[in-house]
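Structure file query_11.txt with compact mmCIF, C-alpha atoms:
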# COMPACT_ATOMS: atom_id res chain seq x y z
CA MET F 1 217.37 26.92 74.62
CA ILE F 2 220.47 25.09 73.36
CA VAL F 3 222.70 23.62 76.03
CA ALA F 4 226.36 22.98 75.24
CA PRO F 5 227.47 19.34 75.61
CA ALA F 6 228.84 18.43 79.00
CA TYR F 7 232.25 17.41 77.68
CA ARG F 8 233.08 21.02 76.80
CA LEU F 9 233.26 21.96 80.47
CA ASN F 10 233.55 25.66 79.67
CA GLY F 11 234.77 28.02 76.98
CA LEU F 12 238.25 28.24 78.51
CA THR F 13 239.29 24.73 77.49
CA GLY F 14 240.37 25.76 73.96
CA PRO F 15 242.66 28.59 75.12
CA LEU F 16 244.11 26.29 77.76
CA VAL F 17 244.98 23.80 74.99
CA LEU F 18 246.83 26.52 73.10
CA LEU F 19 248.63 27.66 76.23
CA ALA F 20 249.74 24.08 76.89
CA LEU F 21 251.01 23.78 73.33
CA GLY F 22 252.90 27.04 73.74
CA PHE F 23 254.44 25.76 76.97
CA PHE F 24 255.69 22.61 75.27
CA LEU F 25 257.05 24.70 72.40
CA LEU F 26 259.10 26.69 74.89
CA LEU F 27 260.37 23.49 76.52
CA GLY F 28 261.36 22.18 73.11
CA VAL F 29 263.25 25.29 72.11
CA PHE F 30 265.09 25.46 75.46
CA SER F 31 266.21 21.85 75.05
CA ALA F 32 267.14 22.64 71.45
CA HIS F 33 269.44 25.45 72.55
CA ALA F 34 271.08 23.25 75.16
CA GLY F 35 271.66 20.55 72.57
CA GLU F 36 272.98 22.97 69.95
CA SER F 37 275.47 24.34 72.44
CA ALA F 38 277.01 20.91 72.85
CA HIS F 39 277.03 19.74 69.27
CA PRO F 40 275.66 21.32 66.10
CA LEU F 41 274.20 18.03 64.95
CA GLY F 42 271.95 17.90 67.97
CA GLY F 43 273.24 14.83 69.77
CA GLY F 44 276.19 13.06 71.28
CA ALA F 45 279.13 14.24 73.27
CA PRO F 46 282.02 16.20 71.77
CA ALA F 47 284.51 14.18 69.78
CA GLY F 48 286.97 12.41 71.97
CA GLU F 49 284.76 12.00 75.01
CA ALA F 50 282.88 9.02 73.61
CA GLU F 51 286.10 7.26 72.64
CA GLU F 52 287.57 8.04 76.06
CA ARG F 53 284.60 6.50 77.82
CA GLU F 54 284.72 3.43 75.57
CA ALA F 55 288.43 2.94 76.28
CA MET F 56 287.85 3.11 80.01
CA PRO F 57 287.72 -0.35 81.61
CA ASP F 58 284.57 -1.57 83.25
CA THR F 59 286.24 -1.56 86.66
CA ALA F 60 286.67 2.23 86.52
CA THR F 61 283.08 2.72 87.54
CA ALA F 62 281.43 1.16 90.56
CA PRO F 63 278.76 -1.39 89.70
CA VAL F 64 275.23 -0.12 90.11
CA PRO F 65 272.65 -2.51 91.49
CA GLU F 66 270.28 -3.59 88.78
CA THR F 67 267.29 -2.80 90.97
CA LEU F 68 268.25 0.90 91.04
CA ALA F 69 268.42 1.27 87.25
CA ASP F 70 265.08 2.28 85.80
CA PRO F 71 264.38 0.77 82.38
CA PRO F 72 264.24 3.39 79.63
CA GLY F 73 260.79 4.52 78.65
CA ALA F 74 259.32 4.47 75.17
CA LEU F 75 260.14 8.15 74.58
CA GLU F 76 263.77 7.68 75.66
CA ARG F 77 264.17 4.66 73.40
CA VAL F 78 262.69 6.50 70.41
CA THR F 79 264.88 9.55 71.05
CA ALA F 80 268.03 7.45 71.39
CA TRP F 81 267.18 5.58 68.20
CA MET F 82 266.62 8.82 66.29
CA LEU F 83 269.92 10.32 67.48
CA GLN F 84 271.82 7.13 66.67
CA THR F 85 270.23 6.98 63.21
CA GLN F 86 271.05 10.62 62.60
CA ARG F 87 274.71 10.11 63.52
CA GLN F 88 274.91 7.01 61.31
CA LEU F 89 273.37 8.88 58.37
CA HIS F 90 275.86 11.70 58.88
CA ARG F 91 278.72 9.21 58.64
CA ASP F 92 277.08 7.72 55.54
CA LEU F 93 276.99 11.18 53.96
CA THR F 94 280.73 11.62 54.35
CA GLN F 95 281.38 8.11 53.07
CA GLY F 96 279.01 8.74 50.16
CA LEU F 97 281.01 11.81 49.11
CA HIS F 98 284.24 9.82 49.16
CA ALA F 99 282.60 7.00 47.23
CA LEU F 100 281.37 9.49 44.64
CA ARG F 101 284.87 10.90 44.28
CA ASP F 102 286.36 7.43 43.78
CA ALA F 103 283.57 6.18 41.50
CA PRO F 104 281.54 9.08 39.99
CA THR F 105 278.60 7.00 38.75
CA ALA F 106 274.86 7.53 38.74
CA GLN F 107 274.51 4.82 41.39
CA THR F 108 276.83 6.50 43.91
CA ALA F 109 275.26 9.89 43.22
CA GLY F 110 271.75 8.48 43.77
CA ALA F 111 272.85 6.81 47.00
CA LEU F 112 274.27 10.10 48.27
CA ILE F 113 271.06 11.99 47.49
CA LEU F 114 268.93 9.30 49.15
CA VAL F 115 271.04 9.37 52.32
CA SER F 116 270.84 13.19 52.34
CA LEU F 117 267.06 13.04 52.08
CA LEU F 118 266.81 10.60 54.98
CA TYR F 119 269.23 12.68 57.05
CA GLY F 120 267.00 15.73 56.56
CA VAL F 121 263.94 13.78 57.73
CA PHE F 122 265.61 12.57 60.94
CA HIS F 123 267.43 15.85 61.57
CA ALA F 124 264.16 17.79 61.47
CA ALA F 125 262.58 15.39 63.95
CA GLY F 126 265.01 16.56 66.65
CA PRO F 127 264.79 19.76 68.69
CA GLY F 128 265.16 23.13 67.02
CA HIS F 129 263.86 26.68 67.30
CA GLY F 130 262.65 26.76 63.68
CA LYS F 131 259.95 24.17 64.27
CA ALA F 132 258.85 25.92 67.46
CA VAL F 133 258.53 29.27 65.65
CA ILE F 134 256.62 27.82 62.70
CA SER F 135 254.28 25.83 64.96
CA ALA F 136 253.55 28.82 67.20
CA TYR F 137 252.98 31.00 64.13
CA LEU F 138 250.54 28.58 62.49
CA LEU F 139 248.72 27.90 65.77
CA THR F 140 247.82 31.55 66.27
CA GLN F 141 247.80 33.22 62.84
CA PRO F 142 245.08 32.90 60.15
CA GLN F 143 247.01 30.83 57.62
CA ASN F 144 245.39 27.93 55.78
CA LEU F 145 246.94 24.49 55.46
CA LYS F 146 248.34 25.08 51.97
CA ARG F 147 250.18 28.21 53.06
CA GLY F 148 251.36 26.44 56.22
CA ILE F 149 252.95 23.60 54.25
CA LEU F 150 254.43 26.12 51.83
CA LEU F 151 255.88 28.05 54.76
CA SER F 152 257.56 24.91 56.10
CA THR F 153 258.95 23.98 52.68
CA VAL F 154 260.29 27.43 51.81
CA SER F 155 261.87 27.83 55.26
CA ALA F 156 263.67 24.48 54.98
CA LEU F 157 264.90 25.28 51.48
CA ALA F 158 266.06 28.69 52.68
CA GLN F 159 268.25 27.02 55.30
CA GLY F 160 269.83 24.85 52.64
CA VAL F 161 270.39 27.76 50.27
CA THR F 162 271.99 29.75 53.11
CA ALA F 163 274.46 26.89 53.71
CA ILE F 164 275.28 26.70 49.99
CA VAL F 165 275.81 30.45 49.68
CA LEU F 166 277.85 30.62 52.91
CA VAL F 167 280.30 27.92 51.81
CA GLY F 168 280.36 29.14 48.20
CA VAL F 169 281.27 32.68 49.17
CA LEU F 170 283.64 32.06 52.09
CA ILE F 171 285.43 28.97 50.76
CA GLY F 172 284.92 29.23 47.01
CA LEU F 173 285.44 32.97 46.52
CA LEU F 174 287.36 34.19 49.57
CA GLY F 175 289.43 31.07 50.16
CA TRP F 176 288.53 30.62 53.83
CA LEU F 177 289.30 27.42 55.66
CA ALA F 178 286.44 25.06 56.47
CA ARG F 179 287.06 25.54 60.21
CA ASP F 180 286.63 29.33 59.93
CA THR F 181 283.57 28.95 57.72
CA LEU F 182 281.86 26.66 60.22
CA GLY F 183 282.53 29.26 62.90
CA GLN F 184 280.33 31.76 61.02
CA VAL F 185 277.29 29.58 61.67
CA ARG F 186 277.17 31.03 65.19
CA THR F 187 276.92 34.58 63.80
CA LEU F 188 274.01 33.63 61.55
CA GLU F 189 272.45 31.75 64.46
CA ILE F 190 272.37 34.87 66.64
CA ALA F 191 270.97 36.89 63.72
CA SER F 192 268.23 34.27 63.28
CA PHE F 193 267.32 34.45 66.98
CA ALA F 194 267.13 38.26 66.79
CA LEU F 195 264.84 38.08 63.75
CA VAL F 196 262.60 35.64 65.62
CA ALA F 197 262.28 38.12 68.49
CA LEU F 198 261.48 40.96 66.07
CA LEU F 199 258.90 38.76 64.33
CA GLY F 200 257.16 38.08 67.63
CA ILE F 201 257.09 41.78 68.52
CA TRP F 202 255.73 42.56 65.05
CA LEU F 203 252.93 40.03 65.49
CA MET F 204 252.06 41.49 68.90
CA LEU F 205 251.87 45.03 67.51
CA ARG F 206 249.70 43.87 64.61
CA ALA F 207 247.32 42.11 67.02
CA LEU F 208 247.04 45.26 69.13
CA ARG F 209 246.35 47.33 66.01
CA HIS F 210 243.63 44.87 64.97
CA ALA F 211 242.07 45.12 68.43
CA TRP F 212 242.07 48.92 68.23
CA ARG F 213 240.37 48.83 64.83
CA LEU F 214 237.72 46.48 66.19
CA HIS F 215 237.17 48.80 69.12
CA LYS F 216 236.66 51.78 66.81
CA ALA F 217 234.33 49.82 64.52
CA HIS F 218 232.13 48.62 67.39
CA ALA F 219 232.05 52.09 68.94
CA GLN F 220 230.86 53.52 65.64
CA ALA F 221 228.25 50.74 65.29
CA ARG F 222 226.88 51.47 68.78
CA ALA F 223 226.67 55.17 67.99
CA GLU F 224 224.72 54.48 64.80
CA ALA F 225 222.44 52.03 66.62
CA ARG F 226 221.37 54.68 69.10
CA HIS F 227 219.91 56.74 66.24
CA ASP F 228 217.67 53.95 65.03
CA HIS F 229 216.05 52.13 67.98
CA GLY F 230 213.49 50.41 65.81
CA HIS F 231 216.06 48.62 63.69
CA ALA F 232 218.16 47.92 66.74
CA ASP F 233 215.22 46.22 68.53
CA HIS F 234 214.32 44.28 65.41
CA HIS F 235 217.80 42.94 64.68
CA HIS F 236 219.03 42.37 68.22
CA HIS F 237 219.64 38.65 68.69
CA ASP F 238 222.03 36.70 70.85
CA HIS F 239 224.06 35.14 68.07
CA HIS F 240 227.41 35.66 66.42
CA THR F 241 227.49 37.07 62.88
CA HIS F 242 230.68 36.21 61.03
CA ASP F 243 232.29 38.93 58.94
CA ASP F 244 235.77 40.22 58.21
CA HIS F 245 235.81 42.30 61.43
CA CYS F 246 234.00 40.00 63.85
CA GLY F 247 237.18 39.26 65.79
CA CYS F 248 236.47 35.57 66.27
CA GLY F 249 239.84 34.58 64.88
CA THR F 250 238.32 32.51 62.06
CA PRO F 251 240.08 33.19 58.74
CA HIS F 252 237.08 34.08 56.53
CA HIS F 253 239.52 34.68 53.69
CA VAL F 254 243.29 34.69 53.27
CA ASP F 255 244.33 38.20 54.17
CA PRO F 256 247.04 39.42 51.76
CA ASN F 257 248.39 41.61 54.57
CA HIS F 258 249.70 38.46 56.25
CA SER F 259 252.30 37.98 53.50
CA GLY F 260 254.69 40.27 55.37
CA THR F 261 254.83 38.14 58.50
CA TRP F 262 254.85 35.01 56.32
CA TRP F 263 258.07 36.10 54.63
CA GLY F 264 259.38 37.40 57.95
CA THR F 265 259.00 33.90 59.37
CA VAL F 266 260.86 32.44 56.39
CA ALA F 267 263.71 34.91 56.87
CA ALA F 268 263.91 34.35 60.64
CA VAL F 269 264.10 30.57 60.26
CA GLY F 270 265.97 30.31 56.96
CA ILE F 271 268.86 32.66 57.74
CA ARG F 272 270.34 30.06 60.11
CA PRO F 273 271.93 27.26 58.04
CA CYS F 274 271.95 23.67 59.18
CA SER F 275 275.40 22.84 60.57
CA GLY F 276 275.25 19.44 58.91
CA ALA F 277 274.56 21.08 55.54
CA VAL F 278 277.50 23.45 56.00
CA LEU F 279 279.77 20.54 56.88
CA ILE F 280 278.68 18.53 53.83
CA MET F 281 279.27 21.55 51.58
CA ALA F 282 282.73 22.08 53.10
CA VAL F 283 283.69 18.43 52.64
CA SER F 284 282.37 18.34 49.07
CA ALA F 285 284.29 21.53 48.23
CA ALA F 286 287.50 20.02 49.65
CA LEU F 287 286.96 16.91 47.52
CA GLY F 288 286.28 18.94 44.39
CA LEU F 289 282.63 17.80 44.29
CA ALA F 290 280.79 21.06 44.98
CA TRP F 291 277.95 20.08 42.64
CA ALA F 292 277.38 16.88 44.64
CA GLY F 293 277.32 18.89 47.86
CA VAL F 294 274.68 21.23 46.43
CA LEU F 295 272.47 18.31 45.40
CA ALA F 296 272.95 16.64 48.78
CA VAL F 297 272.02 19.83 50.68
CA LEU F 298 268.93 20.40 48.54
CA ALA F 299 267.82 16.81 49.15
CA MET F 300 268.49 17.31 52.85
CA SER F 301 266.29 20.42 52.80
CA LEU F 302 263.46 18.52 51.14
CA GLY F 303 263.66 15.85 53.84
CA THR F 304 263.52 18.54 56.51
CA ALA F 305 260.57 20.15 54.75
CA ALA F 306 258.68 16.84 54.76
CA THR F 307 259.00 16.45 58.53
CA VAL F 308 258.21 20.09 59.33
CA SER F 309 255.21 19.98 56.98
CA VAL F 310 253.75 17.18 59.11
CA LEU F 311 254.12 19.41 62.19
CA ALA F 312 252.55 22.31 60.25
CA THR F 313 249.58 20.13 59.32
CA LEU F 314 249.07 19.19 62.97
CA ALA F 315 249.35 22.84 64.07
CA VAL F 316 246.84 24.12 61.50
CA SER F 317 244.43 21.26 62.22
CA ALA F 318 244.62 21.90 65.98
CA ARG F 319 244.02 25.62 65.47
CA ASP F 320 241.03 25.11 63.16
CA TRP F 321 239.55 22.47 65.49
CA THR F 322 239.85 24.83 68.45
CA ARG F 323 238.18 27.66 66.55
CA ARG F 324 235.31 25.47 65.42
CA TRP F 325 234.92 24.20 68.98
CA LEU F 326 234.91 27.68 70.47
CA GLY F 327 232.58 29.11 67.81
CA PRO F 328 229.22 28.32 69.52
CA THR F 329 230.52 29.07 73.03
CA ARG F 330 230.50 32.36 74.88
CA VAL F 331 234.27 32.65 74.57
CA GLY F 332 234.04 32.15 70.82
CA ARG F 333 231.62 35.09 70.57
CA LEU F 334 234.01 37.48 72.27
CA THR F 335 234.91 40.38 70.03
CA TYR F 336 238.62 40.35 70.73
CA MET F 337 239.23 36.59 70.55
CA GLY F 338 241.09 36.88 67.24
CA PRO F 339 243.52 39.59 68.40
CA ALA F 340 243.99 37.69 71.67
CA PHE F 341 245.22 34.60 69.81
CA GLY F 342 247.51 36.74 67.68
CA LEU F 343 248.89 38.54 70.72
CA ALA F 344 249.53 35.24 72.53
CA GLY F 345 251.30 33.75 69.51
CA GLY F 346 253.44 36.83 69.04
CA GLY F 347 254.36 36.78 72.71
CA ILE F 348 255.44 33.12 72.54
CA ILE F 349 257.58 33.75 69.45
CA ALA F 350 259.12 36.90 70.96
CA LEU F 351 259.93 35.01 74.16
CA ILE F 352 261.57 32.23 72.15
CA GLY F 353 263.72 34.70 70.21
CA ILE F 354 264.73 36.83 73.21
CA SER F 355 265.62 33.84 75.37
CA LEU F 356 267.72 32.31 72.60
CA VAL F 357 269.53 35.60 71.92
CA ILE F 358 270.38 35.95 75.62
CA GLY F 359 271.53 32.33 75.80
CA ALA F 360 273.62 32.56 72.61
CA VAL F 361 275.33 35.78 73.70
CA ALA F 362 276.05 34.42 77.19
CA TYR F 363 277.42 31.15 75.83
CA ARG F 364 281.06 31.31 74.73
CA PRO F 365 282.18 28.14 72.96
CA ALA F 366 285.68 27.23 74.04
CA ALA F 367 286.20 24.64 71.34
CA HIS F 368 285.55 24.03 67.69
CA PRO F 369 281.84 24.19 66.75
CA LEU F 370 282.01 20.54 65.68
CA GLY F 371 283.54 19.52 69.00
CA LEU F 372 286.92 18.78 67.40

Kindly present the structure from the file in structure tokens form.
Amino acid sequence: MIVAPAYRLNGLTGPLVLLALGFFLLLGVFSAHAGESAHPLGGGAPAGEAEEREAMPDTATAPVPETLADPPGALERVTAWMLQTQRQLHRDLTQGLHALRDAPTAQTAGALILVSLLYGVFHAAGPGHGKAVISAYLLTQPQNLKRGILLSTVSALAQGVTAIVLVGVLIGLLGWLARDTLGQVRTLEIASFALVALLGIWLMLRALRHAWRLHKAHAQARAEARHDHGHADHHHHDHHTHDDHCGCGTPHHVDPNHSGTWWGTVAAVGIRPCSGAVLIMAVSAALGLAWAGVLAVLAMSLGTAATVSVLATLAVSARDWTRRWLGPTRVGRLTYMGPAFGLAGGGIIALIGISLVIGAVAYRPAAHPLGL
């Protein structure tokens, strides 16, 4: 008799890990929506407020005893540093475009592309619903690491292409103002949230369909086993046989049927352009440097893809580790474990999309989307 190691506690630990990850994904997307409502770049107060606070004399606020002020923790310091770096890189982008206009050399063009790449890396490290959707999708769906990294890269590039097309059509072809063009980001944002909700519902329906097929297959196997008791007694063992319909959630092969939800995830995430990319494209178009804006946005997308690919690697590794850990346990031998993971992942994604749609519709921005 083989006894499971004591550190496993029970077969429920793996699902609890996934539920905890899903909970933190929801917290991240809620904070992302709150931050996006204030400023499309994900940090800082609207323009004017910071300058007003800086101009205010020190005597305007009552002194706070030093003993009551808690020192910032490591997470707060890292977050503040990332937001400050992101704002500085955004200013460097605008200055880089002006420098390229004044001195169109290979050096200024290379500096602009490098700053755009770094901006994409730091921008992706902040909150956002795209990373939550991709992480939840990879945690619960049978996609291998290569396809997970490809999903992150294509989604990031799709966001950049959407920004390029949006500015090219509205400003370049229709002659819209940059202010009106930036206002259309909200429309695409709501469309992205709705697609996320539909993607989650689609994943839930597919998991239920898979569970029904497993139920029919096992019912047929039990009916056939009753007609041959000899073979049933000979082959009856208490072990788990892996096959394409075992329901353990382990991807025995890459199912081509998953390409639909793969592209659905790309569309749901990529249809919402990055506000920073739209702003850079608008500024570059106003300066007559549309080609430089395109290169900067593509470099920004590659930087975003690099950061999100790291998160995708962590998500796929955590999912595979959990499945290997659950394999020998009683929970891992459950027939419907695979559909259960798919149903949970679809539910998390649907909840993210629905909550963001409700929040976006209820929120009515009273000022310019850039806080101007």

Between atom CA of F:Gly260 and atom CA of F:Lys146, distance in Å (one decimal): 16.8 Å

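Closest to F:Gly160 among F:Gln184, F:Ser275, F:Thr322, F:Thr105 is F:Ser275, based on only C-alpha atoms.
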
Point-to-point distance from atom CA of F:Ala80 to atom CA of F:Ala299, Å rounded to tenths: 24.1 Å

Surrounding residues of F:Leu89 excluding itself and chain neighbours under 6 positions, 8 Å, all atoms listed in the file, as a list of chain:residue names: F:Val115, F:Ser116, F:Leu118, F:Tyr119

Filtering to C-alpha atoms, could you give me those residues as a PDB file, in the frame of the given file?
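Result saved to again.pdb:
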ATOM      1  CA  VAL F 115     271.040   9.370  52.320  1.00  0.00           C
ATOM      2  CA  SER F 116     270.840  13.190  52.340  1.00  0.00           C
ATOM      3  CA  LEU F 118     266.810  10.600  54.980  1.00  0.00           C
ATOM      4  CA  TYR F 119     269.230  12.680  57.050  1.00  0.00           C
TER       5      TYR F 119
END

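What separates atom CA of F:Met281 from atom CA of F:Gly293 is a distance of 5.0 Å.
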
Could stretch 111-126 of chain F be completed with N, CA and C atoms and returned as a PDB file, in the coordinates of the input?
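Final output, result-v7.pdb:
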ATOM      1  N   ALA F 111     272.759   7.235  45.603  1.00  0.00           N
ATOM      2  CA  ALA F 111     272.850   6.810  47.000  1.00  0.00           C
ATOM      3  C   ALA F 111     273.122   8.001  47.912  1.00  0.00           C
ATOM      4  N   LEU F 112     273.977   8.917  47.465  1.00  0.00           N
ATOM      5  CA  LEU F 112     274.270  10.100  48.270  1.00  0.00           C
ATOM      6  C   LEU F 112     273.030  10.973  48.453  1.00  0.00           C
ATOM      7  N   ILE F 113     272.277  11.171  47.400  1.00  0.00           N
ATOM      8  CA  ILE F 113     271.060  11.990  47.490  1.00  0.00           C
ATOM      9  C   ILE F 113     270.024  11.332  48.397  1.00  0.00           C
ATOM     10  N   LEU F 114     269.897   9.999  48.309  1.00  0.00           N
ATOM     11  CA  LEU F 114     268.930   9.300  49.150  1.00  0.00           C
ATOM     12  C   LEU F 114     269.314   9.412  50.627  1.00  0.00           C
ATOM     13  N   VAL F 115     270.592   9.240  50.937  1.00  0.00           N
ATOM     14  CA  VAL F 115     271.040   9.370  52.320  1.00  0.00           C
ATOM     15  C   VAL F 115     270.821  10.801  52.821  1.00  0.00           C
ATOM     16  N   SER F 116     271.055  11.786  51.953  1.00  0.00           N
ATOM     17  CA  SER F 116     270.840  13.190  52.340  1.00  0.00           C
ATOM     18  C   SER F 116     269.368  13.449  52.647  1.00  0.00           C
ATOM     19  N   LEU F 117     268.490  12.881  51.843  1.00  0.00           N
ATOM     20  CA  LEU F 117     267.060  13.040  52.080  1.00  0.00           C
ATOM     21  C   LEU F 117     266.653  12.448  53.420  1.00  0.00           C
ATOM     22  N   LEU F 118     267.145  11.245  53.706  1.00  0.00           N
ATOM     23  CA  LEU F 118     266.810  10.600  54.980  1.00  0.00           C
ATOM     24  C   LEU F 118     267.410  11.373  56.154  1.00  0.00           C
ATOM     25  N   TYR F 119     268.618  11.896  55.978  1.00  0.00           N
ATOM     26  CA  TYR F 119     269.230  12.680  57.050  1.00  0.00           C
ATOM     27  C   TYR F 119     268.379  13.908  57.365  1.00  0.00           C
ATOM     28  N   GLY F 120     267.857  14.563  56.327  1.00  0.00           N
ATOM     29  CA  GLY F 120     267.000  15.730  56.560  1.00  0.00           C
ATOM     30  C   GLY F 120     265.743  15.379  57.322  1.00  0.00           C
ATOM     31  N   VAL F 121     265.156  14.211  57.029  1.00  0.00           N
ATOM     32  CA  VAL F 121     263.940  13.780  57.730  1.00  0.00           C
ATOM     33  C   VAL F 121     264.225  13.579  59.210  1.00  0.00           C
ATOM     34  N   PHE F 122     265.302  12.866  59.540  1.00  0.00           N
ATOM     35  CA  PHE F 122     265.610  12.570  60.940  1.00  0.00           C
ATOM     36  C   PHE F 122     266.151  13.809  61.660  1.00  0.00           C
ATOM     37  N   HIS F 123     266.902  14.642  60.944  1.00  0.00           N
ATOM     38  CA  HIS F 123     267.430  15.850  61.570  1.00  0.00           C
ATOM     39  C   HIS F 123     266.305  16.788  61.980  1.00  0.00           C
ATOM     40  N   ALA F 124     265.280  16.906  61.150  1.00  0.00           N
ATOM     41  CA  ALA F 124     264.160  17.790  61.470  1.00  0.00           C
ATOM     42  C   ALA F 124     263.313  17.258  62.607  1.00  0.00           C
ATOM     43  N   ALA F 125     263.370  15.956  62.864  1.00  0.00           N
ATOM     44  CA  ALA F 125     262.580  15.390  63.950  1.00  0.00           C
ATOM     45  C   ALA F 125     263.160  15.717  65.318  1.00  0.00           C
ATOM     46  N   GLY F 126     264.402  16.183  65.373  1.00  0.00           N
ATOM     47  CA  GLY F 126     265.010  16.560  66.650  1.00  0.00           C
ATOM     48  C   GLY F 126     264.602  17.952  67.062  1.00  0.00           C
TER      49      GLY F 126
END
